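Structure, as structure tokens:
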Amino acid sequence: MNLKTDRKATGIAGGASLGRPTGSLPIALVIFLILLPSALDASEDPYFVTYSHHLEEPGNLEIAMNPLLARPSDGKSSFGSWMEFEYGTKAWWTTEFYLEGQSTHREGTLFTGYRIENRFRPLMENHWINPVLYFEFEHLNGASKTLQEVVGFDSQEDLRQPLAQTRREKEKEMELRLVLGSDFKGWNLSENFIAEKNLSNAPWEFGYAIGLNRPLRLSASALPCTFCRENFRLGAEIYGGLGDWHRLTFNSTAHYVAPVVLWELNRGVTAKISPGFGLTGSSVPFLFRFGISFEIPGFGQRARQLFRQH
Amino acid sequence: MPDNSFDSIDFKVSRYMLGNSTKTSSWWHQVIIAILVWFGHPGFNGIGFPAPAIGGRFSNAPAGTLSKANPYASDKAALLAGEKLYQRRCAECHGRDALGKGKAPSLISPEVQGAAPGALLWFLKRGALRQGMPAWSRLPEQQLWQIISYLKGIQPTPSRNSPAR
């Protein structure tokens with residue numbers, strides 16, 4: 001099959017092959033973020049897979065890039081990345097849009113699809129445990145390697161498949177999560193119960209993610225600083241699959257444990273890294289995630305003003 | 001040969017969800033109805049209900065929280081830290097001078113200045129999502145006390161933009 005026919009056959013999620021690797025994009029984004037002035041500091045969570053009950057502040061827009069390096073045993077190294085636009089619609093409602101891409105060593109680079117996600121807090125005040133309802137629609141192809149969640153029997157075998165084959169697999173999926181979060185004495189504990197369904201009559205697949213983190217220092221220092229301990233959060237997350245509707249099990253599923261470190265820089269920029277370690281034979285032995293995000297305060301208000309002026 | 005195009009899949013999904021499988025259909029309907037009832041119920045405060053006065057919120061603070069004393073009450077370094085935190089976390093909505101901005105109320109109003117520090121801590125941790133006030137339980141309690149130190153140090157006159165030191 002020639003490239004033109006291939007693109008047509010693979011549709012939106014499968015055909016947008018990029019000429020250059022996405023590796024330069026994070027660097028450009030970092031420079032862009034550092035140059036942009038802002039007085040607001042982000043209040044991000046350090047997790048990559050786990051969601052906490054903390055939503056985006058209303059009217060703020062957060063733009064984030066989260067690359068992932070993975071190397072399955074006996075497989076080729078791959079570089080997956082997602083770009084995230086998170087907007088605080090209300091204090092109780094956050095909406096997100098993701099664009100995903102990946103690059104596999106000696107195979108190529110391509111756009112792998114998009115996700116739209118909404119999170120709602122059904123209770124209007126904070127409690128000792130706080131539920132969040134999460135709804136996501138994904139339109140991806142099989143070449144997606146961002147591992148934003150691990151569900152069902154997802155395994156490192158998925159990453160070993162050649163790009164030419166996986167890019168043709170189209171996946172329209174719905175993901176639901178029940179997010180539970182608690183804050184206690186500076187610690188944040190978050191638990192996610194994940195249910196995902198490929199809309200083409202596939203069974204529900206289940207997964208979990210649990211995260212725990214704490215700032216290095218609980219009180220703030222009097223003077224502005226970049227390297228103060230209060231600007232760093234340390235923690236860990238564990239996540240994995242739980243089988244599917246027909247077989248709810250730990251057997252043949254992938255599980256990971258990943259320490260996480262977050263650093264809140266000035267001007268609303270947050271950086272985080274997380275080396276992840278596979279715990280079972282189905283897991284990728286080692287993952288390395290890093291992310292950088294930038295928060296634009298009052299984005300909604302500014303956008304509204306812009307439209308009112310015209 | 002099976003037709004695996006997206007259109008065909010969409011049709012199958014619709015049929016699967018709405019037509020052929022009565023069990024799945026009723027399950028979905030129940031979930032959707034439950035969500036609509038929850039978010040449409042007057043008890044849910046997310047959509048279109050007027051905001052009560054901020055002072056009224058503090059009067060709802062549990063008695064146990066009112067007696068909590070600010071451990072940083074007379075700490076000048078904490079006041080400076082509180083100002084830094086305020087400018088980072090709160091100024092975007094409440095204004096850099098805490099006089100209020102848009103729907104966000106002034107924090108040098110008599111209601112806020114007269115509230116017990118423990119009531120302010122309770123309110124900051126609890127939030128009022130309906131009025132657009134996030135729950136700041138994500139910040140450690142020490143930092144919330146530092147913010148309260150700063151807020152309590154602001155003189156309740158509109159012309160003052162900086163706290164008394």
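Chain lettering (A, B, ...) mirrors the order of the structure tokens, residue numbering begins at 1 for each chain separately, and ligand numbering begins at 1 in order of display.
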Checklist entry - Residues of chain B within 6 Å of chain A, using only C-alpha atoms, as a list in words? => result Ile9, Ala77, Leu80, Ala81, Arg88, Arg126, Gly127, Ala128, Leu129, Gly132, Pro134, Pro140, Gln142 and Gln143 of chain B
Using the selection just defined, write its residues with C-alpha atoms as a PDB file, in the first residue's frame.
```pdb
ATOM      1  CA  ILE B   9     -18.879   0.825  14.051  1.00  0.00           C
ATOM      2  CA  ALA B  77       8.278  36.428  58.248  1.00  0.00           C
ATOM      3  CA  LEU B  80       5.744  38.228  54.146  1.00  0.00           C
ATOM      4  CA  ALA B  81       5.379  34.587  53.137  1.00  0.00           C
ATOM      5  CA  ARG B  88       0.648  33.608  43.674  1.00  0.00           C
ATOM      6  CA  ARG B 126     -13.453  23.815  52.266  1.00  0.00           C
ATOM      7  CA  GLY B 127     -13.864  26.199  49.352  1.00  0.00           C
ATOM      8  CA  ALA B 128     -17.142  27.260  47.781  1.00  0.00           C
ATOM      9  CA  LEU B 129     -17.060  25.759  44.316  1.00  0.00           C
ATOM     10  CA  GLY B 132     -16.010  29.876  41.998  1.00  0.00           C
ATOM     11  CA  PRO B 134     -11.554  26.569  44.830  1.00  0.00           C
ATOM     12  CA  PRO B 140      -0.479  22.684  53.505  1.00  0.00           C
ATOM     13  CA  GLN B 142       0.939  26.101  57.416  1.00  0.00           C
ATOM     14  CA  GLN B 143       0.718  28.006  54.138  1.00  0.00           C
TER      15      GLN B 143
END
```
Nearby residues (only C-alpha atoms) at most 6 Å from Glu169 of chain A, same-chain spacing under 3 positions excluded, as a PDB file with N, CA, C and O atoms, in the first residue's frame:
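Result went into result.pdb, see below:
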```
ATOM      1  N   ASN A 141      -5.243   5.864  17.302  1.00  0.00           N
ATOM      2  CA  ASN A 141      -4.945   4.643  16.573  1.00  0.00           C
ATOM      3  C   ASN A 141      -4.057   3.742  17.437  1.00  0.00           C
ATOM      4  O   ASN A 141      -3.610   4.141  18.509  1.00  0.00           O
ATOM      5  N   GLY A 142      -3.852   2.542  16.957  1.00  0.00           N
ATOM      6  CA  GLY A 142      -3.148   1.549  17.762  1.00  0.00           C
ATOM      7  C   GLY A 142      -1.698   1.885  18.036  1.00  0.00           C
ATOM      8  O   GLY A 142      -1.051   1.253  18.872  1.00  0.00           O
ATOM      9  N   THR A 166       0.235  -1.067  13.493  1.00  0.00           N
ATOM     10  CA  THR A 166      -0.605  -0.487  14.549  1.00  0.00           C
ATOM     11  C   THR A 166      -1.295   0.802  14.120  1.00  0.00           C
ATOM     12  O   THR A 166      -2.371   1.120  14.616  1.00  0.00           O
TER      13      THR A 166
END
```
Checklist entry - Can you list, as a VMD selection string, every residue of segment 82-306 of chain A that DSSP puts in strand (DSSP E or B)? => result chain A and resid 82 to 90 93 to 104 108 to 120 130 to 141 152 170 to 184 187 to 198 205 to 215 232 to 244 248 255 to 264 269 to 278 286 to 296
Checklist entry - Within 12 Å of Phe153 of chain A, counting only C-alpha atoms, which residues qualify if same-chain residues fewer than 6 places away don't, as a list in words? => result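 Once the adjacent positions are removed, what remains is Glu196, Pro203, Trp204, Glu205, Phe206, Gly207, Gly240, Gly241, Leu242, Gly243, Asp244, Trp245, His246, Arg247, Leu248, Thr249, Phe250, Asn251, Ser252, Thr253, Ala254, His255, Thr280, Gly281, Ser282 and Ser283 of chain A.
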Checklist entry - By how many Å are atom CA of Tyr51 of chain A and atom CA of Glu141 of chain B apart? => result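 Computing it gives 21.7 Å between the two atoms.
You can rank A:Gln165, A:Ser293, A:Gln156, A:Thr94 by their closest distance to Pro67 of chain A using only C-alpha atoms, and at the top of that list sits A:Ser293.
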Item to check | Neighbour list for Leu180 of chain A as a PyMOL selection string, cut-off 7 Å, only C-alpha atoms, skip fewer than 6 positions in-chain | outcome: chain A and resi 52-53+129-132+190-192
Write a file of the just-selected residues containing N, CA and C atoms, as a PDB file, in the first residue's frame.
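Generated file (selection-v1.pdb):
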```
ATOM      1  N   SER A  52      -5.990  13.627  40.726  1.00  0.00           N
ATOM      2  CA  SER A  52      -6.421  13.954  42.081  1.00  0.00           C
ATOM      3  C   SER A  52      -7.763  14.687  41.982  1.00  0.00           C
ATOM      4  N   HIS A  53      -8.302  15.072  43.111  1.00  0.00           N
ATOM      5  CA  HIS A  53      -9.575  15.804  43.109  1.00  0.00           C
ATOM      6  C   HIS A  53      -9.364  17.296  42.861  1.00  0.00           C
ATOM      7  N   ILE A 129     -12.761  12.938  52.057  1.00  0.00           N
ATOM      8  CA  ILE A 129     -12.516  12.255  50.779  1.00  0.00           C
ATOM      9  C   ILE A 129     -13.424  12.895  49.736  1.00  0.00           C
ATOM     10  N   ASN A 130     -12.839  13.185  48.575  1.00  0.00           N
ATOM     11  CA  ASN A 130     -13.552  13.989  47.580  1.00  0.00           C
ATOM     12  C   ASN A 130     -13.676  13.251  46.258  1.00  0.00           C
ATOM     13  N   PRO A 131     -14.906  12.948  45.849  1.00  0.00           N
ATOM     14  CA  PRO A 131     -15.075  12.257  44.572  1.00  0.00           C
ATOM     15  C   PRO A 131     -15.048  13.214  43.385  1.00  0.00           C
ATOM     16  N   VAL A 132     -14.544  12.715  42.288  1.00  0.00           N
ATOM     17  CA  VAL A 132     -14.586  13.437  41.006  1.00  0.00           C
ATOM     18  C   VAL A 132     -15.048  12.437  39.948  1.00  0.00           C
ATOM     19  N   SER A 190      -4.529   9.995  46.293  1.00  0.00           N
ATOM     20  CA  SER A 190      -5.557   9.937  45.245  1.00  0.00           C
ATOM     21  C   SER A 190      -5.701   8.512  44.738  1.00  0.00           C
ATOM     22  N   GLU A 191      -6.944   8.104  44.544  1.00  0.00           N
ATOM     23  CA  GLU A 191      -7.217   6.764  44.022  1.00  0.00           C
ATOM     24  C   GLU A 191      -8.127   6.896  42.800  1.00  0.00           C
ATOM     25  N   ASN A 192      -7.787   6.203  41.758  1.00  0.00           N
ATOM     26  CA  ASN A 192      -8.598   6.215  40.526  1.00  0.00           C
ATOM     27  C   ASN A 192      -9.040   4.793  40.188  1.00  0.00           C
TER      28      ASN A 192
END
```
Checklist entry - Hey, what's within 7 Å of Leu124 of chain B if we count only C-alpha atoms and toss same-chain stuff fewer than 3 positions away? As a VMD selection string, please? => result chain B and resid 120 to 121 127 135 to 136
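Counting only C-alpha atoms, the residue from B:Ala98, B:Leu66, B:Ser74, B:Arg57 that sits nearest to Gln131 of chain B is B:Arg57.
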